[in-house]
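Asks: Input: one structure, supplied below.
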Amino acid sequence: PVLVVDFGAQYAQLIARRIREAKVYSEIVPHTMPVEEMLARRPAAIILSGGPSSVYADGAPGVDSTMFDAGVPVFGICYGFQAMAQALGGTVAHTGNREYGGTKLTVLDPGVVFAGLPTEQDVWMSHGDAVSQAPDGFLVTAATAGAPVAAFENTDRGFAGVQFHPEVLHTAQGQKMLERFLYEVAKISPDWTMGNVIADQVADIKQRVGTKRVICGLSGGVDSAVAAALVHEAVGDQLTCVFVDHGLLRDGEAEQVEKDYVASTGIKLKVVDAQEQFLRELAGVTDPEQKRKIVGREFIRTFEAAERELIAEAGEHGETIEFLVQGTLYPDVVESGGGTGTANIKSHHNVGGLPEDLQFSLIEPLRTLFKDEVRQVGLELGLPEAIVWRQPFPGPGLSIRIIGEVTAERLDLLRQADAIVREEMSAAGLDRSIWQCPVVLLADVRSVGVQGDGRTYGHPIVLRPVTSEDAMTADWARVPFDVLSRISTRITNEVAEVNRVVLDVTSKPPGTIEWE
Ligand code: XMP
């Protein structure tokens, strides 16, 4: 792999993704990892990421200079550039010139990294101090007003670096620079594709599983759907999926899992219809936390029962179920410390949660992938676009989009309104530009309206379209007025008991995306 050394800023994941976009596999490692350990992974190159603003910052981590004696190509970015300069005998100075944001870069000598790129370009800077002198043997390739040494390279040794951030979109030529480093300096061939990922995973899973059996919980979301499809590709009918229909999904979603998904994958699916059970448990409950707890609890209960049944059935045929599939993604792995071992754990997880006394080995075929890569794998495995491009949807489903008690009638109303919203948003081509659009029923609120000659006294529906990068923060989406207008007209005409449609124009923070 190419190792991206994370110095603690938010850029490491972005750099790792850009490298993968160049069809080169990358992994993130913490800067605290000893150099020997990094080298033991036989990196094709090492990228030092951004981090604290300056090598002079309090507690700023350095780079162990033995990294540069191993014959491994290294590319330094921002802080990593300064740390690299310092470790190789260059000078980093307090310039007093802070540069932050878009900056003009002038190429002095294109060298290898800038060859073929414009001599004047826009780059994204974020630094206090700057390299004032490049290490011996290095060619200074570019400068900005605040950074006389904004880029350097020593391609004989396989080293290069830039003061700015090539990984952000504001640096227009950034991807090209990274690619030139990877292909021309580090001499790595771009052969990491989703096709290869699938082939590797399939071979690996086959080997691990042998003739044993595997189970997987499907949530209706992208990750579990793709993970299961990948495992199915490897072991076919040794895999059984469990899908709990709790009746809190949107119109057509349960059918999508039951029909489209099965049709496109051929997976063996056990569907548990638990709609009545969930409604019964939710009856009379209005508190959001309470609803979440109930749905979580019932989900686990139902899932456990289904698994025990499967295990019993397998046992009758003399088989054991040893493996459980989970759709864990790479960002979860990085954020939880980044271990690489696949532990034999007593599980407890986000899809089902398992009985304490069941021991499974985990299969996590998406552990090395980012979300966009998971989608590509799904497409290559032939999953329907509606599943692969599904927007986020909360585990507790529509129960937390009915403000008030959850009943079958209310779920029905909300499903109708939601179906209209999704239909119109899709027709307007907005599915990929908005993050998601919760549709909320204010079930305990009524307002006066007029329809035909009559007075109505109905419920409002709230539209909550948002844009977001990661759901941590969000902004209300500027959905075109004509789309909103069509949605409003259709909902009030087609959904009995709804006589008003309102738009939520709150960012997050202070509002969360969901209303409960
Ligand atoms: P909030 O409402 O906290 O939501 O701004 C952030 C994102 O998380 C989704 N969400 C959930 N997803 N289980 C989930 O799997 C949950 O309990 C849950 N609650 C919120 C929400 O749809 C949004 O994308």
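To be explicit about the labels: the chains of the structure tokens are called A, B, and onward in the order shown, and within each one the residues are counted from 1, while ligands get numbers from 1 in the order they are shown.
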For Ile387 in chain A, work out the shell of residues within 10 Å, counting only C-alpha atoms and skipping chain neighbours fewer than 4 positions away, then give it as a compact mmCIF listing (two decimals) with N, CA and C atoms, in the first residue's frame.

Replies:
# COMPACT_ATOMS: atom_id res chain seq x y z
N GLY A 220 -31.36 -2.83 4.81
CA GLY A 220 -31.97 -2.03 3.76
C GLY A 220 -31.00 -0.96 3.27
N GLY A 221 -29.93 -0.73 4.02
CA GLY A 221 -28.93 0.27 3.63
C GLY A 221 -27.89 -0.29 2.67
N VAL A 222 -27.05 0.62 2.18
CA VAL A 222 -26.07 0.26 1.16
C VAL A 222 -25.02 -0.72 1.69
N ASP A 223 -24.48 -0.44 2.87
CA ASP A 223 -23.32 -1.17 3.33
C ASP A 223 -23.60 -2.66 3.54
N ALA A 225 -25.98 -4.33 2.28
CA ALA A 225 -26.38 -4.92 0.99
C ALA A 225 -25.15 -5.29 0.17
N VAL A 226 -24.18 -4.41 0.12
CA VAL A 226 -22.98 -4.68 -0.68
C VAL A 226 -22.12 -5.75 -0.01
N GLU A 253 -39.67 -0.04 0.26
CA GLU A 253 -38.31 -0.41 0.66
C GLU A 253 -38.17 -1.88 1.06
N GLN A 256 -38.21 -3.83 -1.97
CA GLN A 256 -36.95 -3.70 -2.69
C GLN A 256 -35.94 -4.73 -2.20
N VAL A 257 -35.85 -4.86 -0.88
CA VAL A 257 -34.93 -5.85 -0.33
C VAL A 257 -35.40 -7.26 -0.70
N ASP A 260 -36.05 -6.95 -5.48
CA ASP A 260 -34.94 -6.49 -6.34
C ASP A 260 -33.61 -7.06 -5.89
N TYR A 261 -33.40 -7.01 -4.58
CA TYR A 261 -32.11 -7.43 -4.08
C TYR A 261 -31.89 -8.93 -4.33
N ARG A 375 -20.04 1.85 -3.05
CA ARG A 375 -21.08 1.99 -4.09
C ARG A 375 -20.59 1.42 -5.42
N GLY A 378 -20.78 -2.25 -5.32
CA GLY A 378 -22.18 -2.65 -5.47
C GLY A 378 -22.61 -2.64 -6.93
N LEU A 379 -22.24 -1.59 -7.63
CA LEU A 379 -22.61 -1.49 -9.04
C LEU A 379 -21.95 -2.61 -9.84
N LEU A 383 -25.84 -4.76 -8.33
CA LEU A 383 -26.96 -4.36 -7.49
C LEU A 383 -27.71 -3.20 -8.16
N GLN A 391 -30.04 6.98 -0.12
CA GLN A 391 -29.61 8.02 0.82
C GLN A 391 -29.69 7.46 2.25

Asks: Let me see if you get this right: every residue at most 6 Å from ligand 1, counting only C-alpha atoms and all ligand atoms, written as a list in words.

Replies: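 Listing the residues within 6 Å of ligand 1 gives Pro392, Phe393, Pro394, Gly395, Pro396, Ala471, Thr512, Ile513 and Glu514 of chain A.
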
Asks: Can you tell me which residues surround Arg280 in chain A at a distance of at most 10 Å, considering only C-alpha atoms, apart from same-chain residues fewer than 4 positions away, and format the answer as a list of chain:residue names?

Replies: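 So the residues in contact are A:Gln275, A:Glu276, A:Gly284, A:Val406, A:Thr407.
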
Asks: Quick one: everything within 12 Å of His317 in chain A, counting only C-alpha atoms, minus sequence neighbours fewer than 6 positions away in the same chain. Send it as a PDB file with N, CA and C atoms, in the first residue's frame.

Replies:
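Dumped everything to result27.pdb:
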ATOM      1  N   ARG A 213     -20.928 -22.181   7.217  1.00  0.00           N
ATOM      2  CA  ARG A 213     -22.022 -21.284   6.850  1.00  0.00           C
ATOM      3  C   ARG A 213     -21.858 -19.884   7.432  1.00  0.00           C
ATOM      4  N   LEU A 310     -32.150 -20.206  12.501  1.00  0.00           N
ATOM      5  CA  LEU A 310     -31.229 -20.614  11.435  1.00  0.00           C
ATOM      6  C   LEU A 310     -30.179 -21.588  11.940  1.00  0.00           C
ATOM      7  N   ILE A 311     -29.679 -21.290  13.121  1.00  0.00           N
ATOM      8  CA  ILE A 311     -28.641 -22.154  13.680  1.00  0.00           C
ATOM      9  C   ILE A 311     -29.210 -23.540  13.958  1.00  0.00           C
TER      10      ILE A 311
END

Asks: Let me make sure I understand: among A:Val495, A:Val74, A:Leu503, A:Ala143, which one has the smallest atom-to-atom distance to Ile46 in chain A if we use only C-alpha atoms?

Replies: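 Nearest candidate to Ile46 in chain A out of A:Val495, A:Val74, A:Leu503, A:Ala143: A:Val74.
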
Asks: Please report the interatomic distance between CA of Gly8 in chain A and CA of Ser49 in chain A in Å with one decimal.

Replies: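 These atoms are spaced 8.6 Å apart.
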
Asks: Please provide the set of residues having any atom within 7 Å of Leu249 in chain A, restricted to only C-alpha atoms, with same-chain residues fewer than 4 positions apart removed, written as a list in words.

Replies: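 Once the adjacent positions are removed, what remains is Glu253, Ala254, Gly397 and Leu398 of chain A.
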